[in-house]
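Engineer: Okay, here's the structure, questions in a sec.
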Amino acid sequence: MRLALRESARSFGRAPLLSALSVVTIGFSLFAFGLFGLVALNIRNTVRLIEERVEIRAFLIDGTPVDVAAVAVGDIGSFPEVARAEFVSKEQALTLARRELREFREEFDASVLPASIDVRLKDGFRDPQTVNAVAARLRSYPFVDEVRYGDEWVEKVYRLRNIATITGLVLGLAFAAVSVIIIGATIRMTVLARSREIAIMRMVGATDSFIRSPFLIEGFAKGILGGAMALLLTWGAHRLFTQMVLETQFFSPRVAVAGVLVGGLIGALGSALSVGRHLREVT
Amino acid sequence: MTGPRPADGGTGAAGAPSHTGTFGASGIIRFSSVAKEYPRTGTALAGVSLVVAKGEFVFLTGPSGSGKSTLLKLVYMEERPSRGEVRVSGVSSSTARGGDIARLRRKLGIVFQDFRLLEDRTAEQNVLFALEVTGAPRAGMHAKAARALTQVGLASKGTSLPRELSGGEQQRVAIARALVNDPFVLIADEPTGNLDDRATRGIFQLLRDINAAGTAVVMATHDMELIKRSELRTIELNRGQVVFDSAADPAAGGGGAR
Ligand SMILES: Nc1ncnc2c1ncn2[C@@H]1O[C@H](COP(=O)(O)OP(=O)(O)OP(=O)(O)O)[C@@H](O)[C@H]1O
Ligand SMILES: [Mg+2]
């Protein structure tokens with residue numbers, strides 16, 4: 001183990017440029033993951049806030065009898081997705097509108113606003129598909145004139161989140177692939193520089209895993225360094241954004257540590273993928 | 001040039017023909033109808049069967065390209081036979097896996113014509129290397145290395161780098177490294193190929209001393225003088241086949257059957 005550590009430190013010194021490059025590419029890979037992960041995280045938080053307010057409003061045809069509406073409210077209230085359904089009369093709608101839009105108070109009169117049934121969905125049923133489905137069912141009542149909800153909004157935010165996630169994944173994976181290739185090249189150099197030593201190790205009976213371990217440790221160490229670098233960059237970007245644009249949330253410490261460990265894994269994986277092949281070339 | 005000769009304690013034992021017991025059922029090395037074909041160059045060995053007994057000294061000779069190095073590679077399992085089986089100290093070429101081969105090599109000493117020392121390490125560090133990379137306990141490592149260096153007559157040269165040593169001395173370091181794990185057999189592929197006469201005699205004497213102390217030795221060589229003088233078991237290869245084995249035909253004496 002001690003020998004393995006010494007060897008991996010040595011090869012860092014042997015190829016400082018390539019080693020630094022591996023660290024940096026792993027760093028960029030995780031930075032891409034981190035940045036877009038952060039965007040996704042914050043969008044998810046926002047979406048949750050919006051979703052909590054998701055309300056479907058079914059406007060009723062003028063003159064719908066109150067008792068018909070009351071039956072419908074009971075009906076809708078028993079949908080599995082629905083938390084609460086409530087009848088809002090023309091008068092109530094007017095009061096509400098006046099309260100919310102003080103400056104236009106005088107322009108409303110009772111004839112403008114229709115009565116409606118307001119529907120709140122249960123937690124976990126607020127995604128665009130469910131909202132659409134419930135809206136469609138409301139629309140099928142003959143006395144329902146129009147159904148409104150924040151559909152475009154919700155779908156846009158969802159799409160944004162998906163784009164952020166996919167972009168992060170693609171960029172992150174691309175950088176991860178590049179770092180794996182660079183680590184492979186570094187290992188090739190190290191193996192060549194140490195081919196004599198490796199041949200002697202084999203001759204005197206060192207196991208393959210022993211010969212391999214310095215390379216894996218080295219890859220892991222580079223990955224951890226890259227991960228730390230990415231964490232710093234991501235945090236910096238987060239601070240900058242929070243200061244200049246708006247308050248955002250950062251990863252929990254546990255997620256941050258996991259991210260750095262993922263860096264170590266990428267490094268070790270990059271090494272594991274190429275070390276066997278390159279060692280086989282040495283005889 | 002050459003380092004101080006070790007005490008000449010092996011002559012008595014080594015003087016006697018050492019091929020008694022060759023046909024004992026339990027050889028430490030056993031080839032059964034072994035053939036080796038390389039992908040491009042074709043047949044290197046064909047139908048080789050032989051047994052090397054515990055503590056034996058065996059010369060392996062034959063013209064260039066006759067398969068000597070290939071035969072030795074099969075012994076330390078650098079190569080696997082294309083047909084037949086090689087069995088070394090209970091490890092079979094048909095079933096051995098990477099780990100088995102690594103453990104087997106710890107019990108073999110291997111020496112080459114070109115010494116294969118690490119140039120940036122001292123003689124002692126080169127010997128220690130074999131212990132370090134095979135997971136030997138740290139305690140007693142230095143004592144073991146020092147003992148091995150003393151055994152090859154280089155007790156005073158432990159801190160020298162390979163380039164500060166003569167060819168003969170470098171080969172002694174390589175032999176010390178081969179001995180440090182207490183092997184049951186020493187495999188030497190033309191160990192004197194790069195040495196002058198005087199150094200050759202020194203190294204050969206050292207190998208006989210090591211053999212006298214109980215370690216079997218299999219030595220590939222072109223040096224007919226050496227073979228004739230010493231009357232040891234000689235196996236001659238030609239085009240990948242055993243054409244002569246003095247153990248099978250003792251009347252023929254050591255070597256020179258061609
Ligand atoms: N790694 C290899 N790949 C392909 N062919 C090989 C390989 N090693 C040896 N050979 C071939 O096998 C045959 C035997 O070679 P080997 O090295 O065993 O001979 P040798 O008796 O040791 O010769 P020398 O006395 O010159 O060292 C030769 O024809 C050689 O070309
Ligand atoms: Mg040879």
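The chains in the structure tokens are called A, B, ... from first to last as shown; in each chain the residues are counted from 1, and the ligands are counted from 1 in the order shown.
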Within 7 Å of chain A, which residues belong to chain B? Use only C-alpha atoms and report them as a count of residues only.

Structural biologist: 9

Engineer: Leaving out region 64-74 of chain B and any residue of its chain fewer than 2 positions from it, which residues lie within 7 Å of it when counting only C-alpha atoms, given as a PyMOL selection string?

Structural biologist: chain B and resi 44-45+60-62+76-81+189+220+237-240

Engineer: Please provide as a PyMOL selection string all residues within 7 Å of Phe87 (chain A), with the sequence filter that same-chain residues fewer than 2 positions apart are discarded (counting only C-alpha atoms).

Structural biologist: chain A and resi 73+85+89+116-118

Engineer: Rank nothing, just name the residue among B:Arg229, B:Arg177, B:His222, B:Lys54 nearest to ligand 1, using only C-alpha atoms and all ligand atoms.

Structural biologist: B:His222

Engineer: Can you list, as an MDAnalysis selection string, every residue of region 29-94 of chain B that DSSP puts in alpha helix (DSSP H)?

Structural biologist: chainID B and resid 68:75

Engineer: Identify, on the basis of only C-alpha atoms, every residue whose closest approach to region 239-246 of chain A does not exceed 12 Å; exclude the query and any residue fewer than 4 positions from it along the same chain; express the result as a VMD selection string.

Structural biologist: chain A and resid 35 38 to 39 42 232 to 235 250

Engineer: Could the residues in this selection be saved with N, CA, C and O atoms as a PDB file, in the first residue's frame?

Structural biologist:
ATOM      1  N   LEU A  35     -23.397  22.302 -12.214  1.00  0.00           N
ATOM      2  CA  LEU A  35     -24.086  23.532 -12.597  1.00  0.00           C
ATOM      3  C   LEU A  35     -25.511  23.235 -13.029  1.00  0.00           C
ATOM      4  O   LEU A  35     -26.467  23.859 -12.570  1.00  0.00           O
ATOM      5  N   LEU A  38     -27.635  22.053 -10.302  1.00  0.00           N
ATOM      6  CA  LEU A  38     -28.084  23.178  -9.481  1.00  0.00           C
ATOM      7  C   LEU A  38     -29.298  23.858 -10.105  1.00  0.00           C
ATOM      8  O   LEU A  38     -30.272  24.180  -9.424  1.00  0.00           O
ATOM      9  N   VAL A  39     -29.230  24.053 -11.421  1.00  0.00           N
ATOM     10  CA  VAL A  39     -30.366  24.646 -12.130  1.00  0.00           C
ATOM     11  C   VAL A  39     -31.599  23.763 -11.935  1.00  0.00           C
ATOM     12  O   VAL A  39     -32.678  24.231 -11.562  1.00  0.00           O
ATOM     13  N   ASN A  42     -32.970  23.985  -8.386  1.00  0.00           N
ATOM     14  CA  ASN A  42     -33.696  25.217  -8.071  1.00  0.00           C
ATOM     15  C   ASN A  42     -35.004  25.313  -8.835  1.00  0.00           C
ATOM     16  O   ASN A  42     -36.001  25.810  -8.309  1.00  0.00           O
ATOM     17  N   LEU A 232     -15.701  23.616  -5.916  1.00  0.00           N
ATOM     18  CA  LEU A 232     -15.341  25.018  -5.736  1.00  0.00           C
ATOM     19  C   LEU A 232     -15.964  25.890  -6.825  1.00  0.00           C
ATOM     20  O   LEU A 232     -16.537  26.940  -6.541  1.00  0.00           O
ATOM     21  N   LEU A 233     -15.829  25.435  -8.065  1.00  0.00           N
ATOM     22  CA  LEU A 233     -16.374  26.197  -9.196  1.00  0.00           C
ATOM     23  C   LEU A 233     -17.887  26.331  -9.080  1.00  0.00           C
ATOM     24  O   LEU A 233     -18.445  27.408  -9.276  1.00  0.00           O
ATOM     25  N   THR A 234     -18.540  25.219  -8.781  1.00  0.00           N
ATOM     26  CA  THR A 234     -19.999  25.246  -8.692  1.00  0.00           C
ATOM     27  C   THR A 234     -20.453  26.187  -7.580  1.00  0.00           C
ATOM     28  O   THR A 234     -21.382  26.975  -7.742  1.00  0.00           O
ATOM     29  N   TRP A 235     -19.746  26.090  -6.460  1.00  0.00           N
ATOM     30  CA  TRP A 235     -20.117  26.950  -5.329  1.00  0.00           C
ATOM     31  C   TRP A 235     -19.917  28.420  -5.690  1.00  0.00           C
ATOM     32  O   TRP A 235     -20.748  29.268  -5.397  1.00  0.00           O
ATOM     33  N   PHE A 250     -28.150  25.770  -2.677  1.00  0.00           N
ATOM     34  CA  PHE A 250     -26.997  24.956  -3.051  1.00  0.00           C
ATOM     35  C   PHE A 250     -27.246  23.518  -2.619  1.00  0.00           C
ATOM     36  O   PHE A 250     -28.184  23.236  -1.887  1.00  0.00           O
TER      37      PHE A 250
END

Engineer: Which neighbours of region 67-72 of chain A fall inside 12 Å, counting only C-alpha atoms, when residues of the same chain fewer than 3 positions from it are skipped, and could you give them as a VMD selection string?

Structural biologist: chain A and resid 58 to 64 75 to 79 85 to 89 115 to 119 137 to 144

Engineer: Restricting the output to N, CA, C and O atoms, write the selected residues as a short mmCIF file (atom, residue, chain, number, x, y, z; two decimals), in the first residue's frame.

Structural biologist:
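Listed below is the output, selection_26.cif:
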data_model
loop_
_atom_site.label_atom_id
_atom_site.label_comp_id
_atom_site.auth_asym_id
_atom_site.auth_seq_id
_atom_site.Cartn_x
_atom_site.Cartn_y
_atom_site.Cartn_z
N ALA A 58 -63.03 25.90 -13.04
CA ALA A 58 -64.01 25.61 -14.09
C ALA A 58 -65.11 26.67 -14.05
O ALA A 58 -65.86 26.75 -13.07
N PHE A 59 -65.14 27.51 -15.06
CA PHE A 59 -66.17 28.56 -15.10
C PHE A 59 -67.49 27.97 -15.57
O PHE A 59 -67.51 27.15 -16.49
N LEU A 60 -68.55 28.38 -14.90
CA LEU A 60 -69.85 27.79 -15.22
C LEU A 60 -70.65 28.70 -16.15
O LEU A 60 -70.49 29.93 -16.14
N ILE A 61 -71.45 28.04 -16.96
CA ILE A 61 -72.33 28.81 -17.85
C ILE A 61 -73.28 29.64 -17.00
O ILE A 61 -73.78 29.17 -15.97
N ASP A 62 -73.49 30.86 -17.41
CA ASP A 62 -74.38 31.76 -16.68
C ASP A 62 -75.75 31.12 -16.50
O ASP A 62 -76.30 30.56 -17.45
N GLY A 63 -76.26 31.18 -15.30
CA GLY A 63 -77.59 30.65 -15.06
C GLY A 63 -77.63 29.20 -14.62
O GLY A 63 -78.69 28.61 -14.49
N THR A 64 -76.46 28.60 -14.42
CA THR A 64 -76.43 27.23 -13.90
C THR A 64 -77.01 27.24 -12.49
O THR A 64 -76.58 28.00 -11.63
N ASP A 75 -69.32 15.61 -6.39
CA ASP A 75 -68.80 14.65 -7.36
C ASP A 75 -67.28 14.80 -7.54
O ASP A 75 -66.50 13.86 -7.39
N ILE A 76 -66.94 16.06 -7.87
CA ILE A 76 -65.53 16.37 -8.16
C ILE A 76 -64.67 16.16 -6.92
O ILE A 76 -63.56 15.65 -6.99
N GLY A 77 -65.22 16.52 -5.76
CA GLY A 77 -64.48 16.34 -4.50
C GLY A 77 -64.10 14.91 -4.25
O GLY A 77 -63.12 14.64 -3.53
N SER A 78 -64.81 13.96 -4.88
CA SER A 78 -64.48 12.56 -4.61
C SER A 78 -63.54 11.97 -5.67
O SER A 78 -63.22 10.79 -5.62
N PHE A 79 -63.08 12.80 -6.66
CA PHE A 79 -62.02 12.31 -7.57
C PHE A 79 -60.79 11.96 -6.75
O PHE A 79 -60.45 12.68 -5.82
N ALA A 85 -62.76 20.66 -3.58
CA ALA A 85 -63.49 21.36 -4.63
C ALA A 85 -64.45 22.34 -3.96
O ALA A 85 -65.04 22.03 -2.92
N GLU A 86 -64.57 23.50 -4.55
CA GLU A 86 -65.30 24.56 -3.86
C GLU A 86 -66.10 25.37 -4.87
O GLU A 86 -65.59 25.71 -5.94
N PHE A 87 -67.35 25.67 -4.53
CA PHE A 87 -68.17 26.49 -5.40
C PHE A 87 -67.93 27.96 -5.09
O PHE A 87 -67.94 28.36 -3.93
N VAL A 88 -67.66 28.75 -6.13
CA VAL A 88 -67.49 30.19 -5.95
C VAL A 88 -68.59 30.89 -6.77
O VAL A 88 -68.59 30.82 -8.00
N SER A 89 -69.49 31.55 -6.07
CA SER A 89 -70.59 32.22 -6.76
C SER A 89 -70.12 33.50 -7.42
O SER A 89 -69.01 33.96 -7.16
N ALA A 115 -69.63 32.47 -12.23
CA ALA A 115 -69.42 31.59 -11.09
C ALA A 115 -68.47 30.47 -11.51
O ALA A 115 -68.30 30.20 -12.70
N SER A 116 -67.82 29.84 -10.52
CA SER A 116 -66.86 28.79 -10.89
C SER A 116 -66.78 27.72 -9.81
O SER A 116 -67.27 27.90 -8.70
N ILE A 117 -66.20 26.60 -10.21
CA ILE A 117 -65.84 25.59 -9.22
C ILE A 117 -64.31 25.58 -9.18
O ILE A 117 -63.65 25.36 -10.21
N ASP A 118 -63.72 25.86 -8.00
CA ASP A 118 -62.26 25.87 -7.86
C ASP A 118 -61.80 24.53 -7.31
O ASP A 118 -62.34 24.05 -6.31
N VAL A 119 -60.81 23.96 -7.97
CA VAL A 119 -60.36 22.62 -7.59
C VAL A 119 -58.88 22.67 -7.20
O VAL A 119 -58.06 23.19 -7.93
N ARG A 137 -61.77 16.20 -17.59
CA ARG A 137 -62.97 15.64 -16.97
C ARG A 137 -63.95 16.75 -16.56
O ARG A 137 -65.15 16.61 -16.69
N LEU A 138 -63.39 17.86 -16.07
CA LEU A 138 -64.24 18.99 -15.68
C LEU A 138 -64.95 19.55 -16.91
O LEU A 138 -66.12 19.91 -16.86
N ARG A 139 -64.20 19.58 -18.02
CA ARG A 139 -64.75 20.16 -19.24
C ARG A 139 -65.95 19.36 -19.74
O ARG A 139 -66.80 19.87 -20.46
N SER A 140 -66.02 18.09 -19.38
CA SER A 140 -67.09 17.24 -19.91
C SER A 140 -68.45 17.51 -19.25
O SER A 140 -69.48 17.03 -19.71
N TYR A 141 -68.47 18.29 -18.13
CA TYR A 141 -69.78 18.69 -17.57
C TYR A 141 -70.45 19.66 -18.53
O TYR A 141 -69.80 20.60 -18.99
N PRO A 142 -71.73 19.43 -18.84
CA PRO A 142 -72.41 20.29 -19.84
C PRO A 142 -72.48 21.74 -19.40
O PRO A 142 -72.51 22.63 -20.23
N PHE A 143 -72.51 22.02 -18.09
CA PHE A 143 -72.68 23.40 -17.63
C PHE A 143 -71.35 24.10 -17.41
O PHE A 143 -71.29 25.20 -16.92
N VAL A 144 -70.23 23.41 -17.76
CA VAL A 144 -68.92 24.05 -17.62
C VAL A 144 -68.59 24.75 -18.93
O VAL A 144 -68.63 24.16 -20.01
#

Engineer: Per DSSP on the backbone, what are the strand (DSSP E) residues of region 3-148 of chain B, as an MDAnalysis selection string?

Structural biologist: chainID B and resid 29:38 42:52 57:61 83:88 91:92 108:112
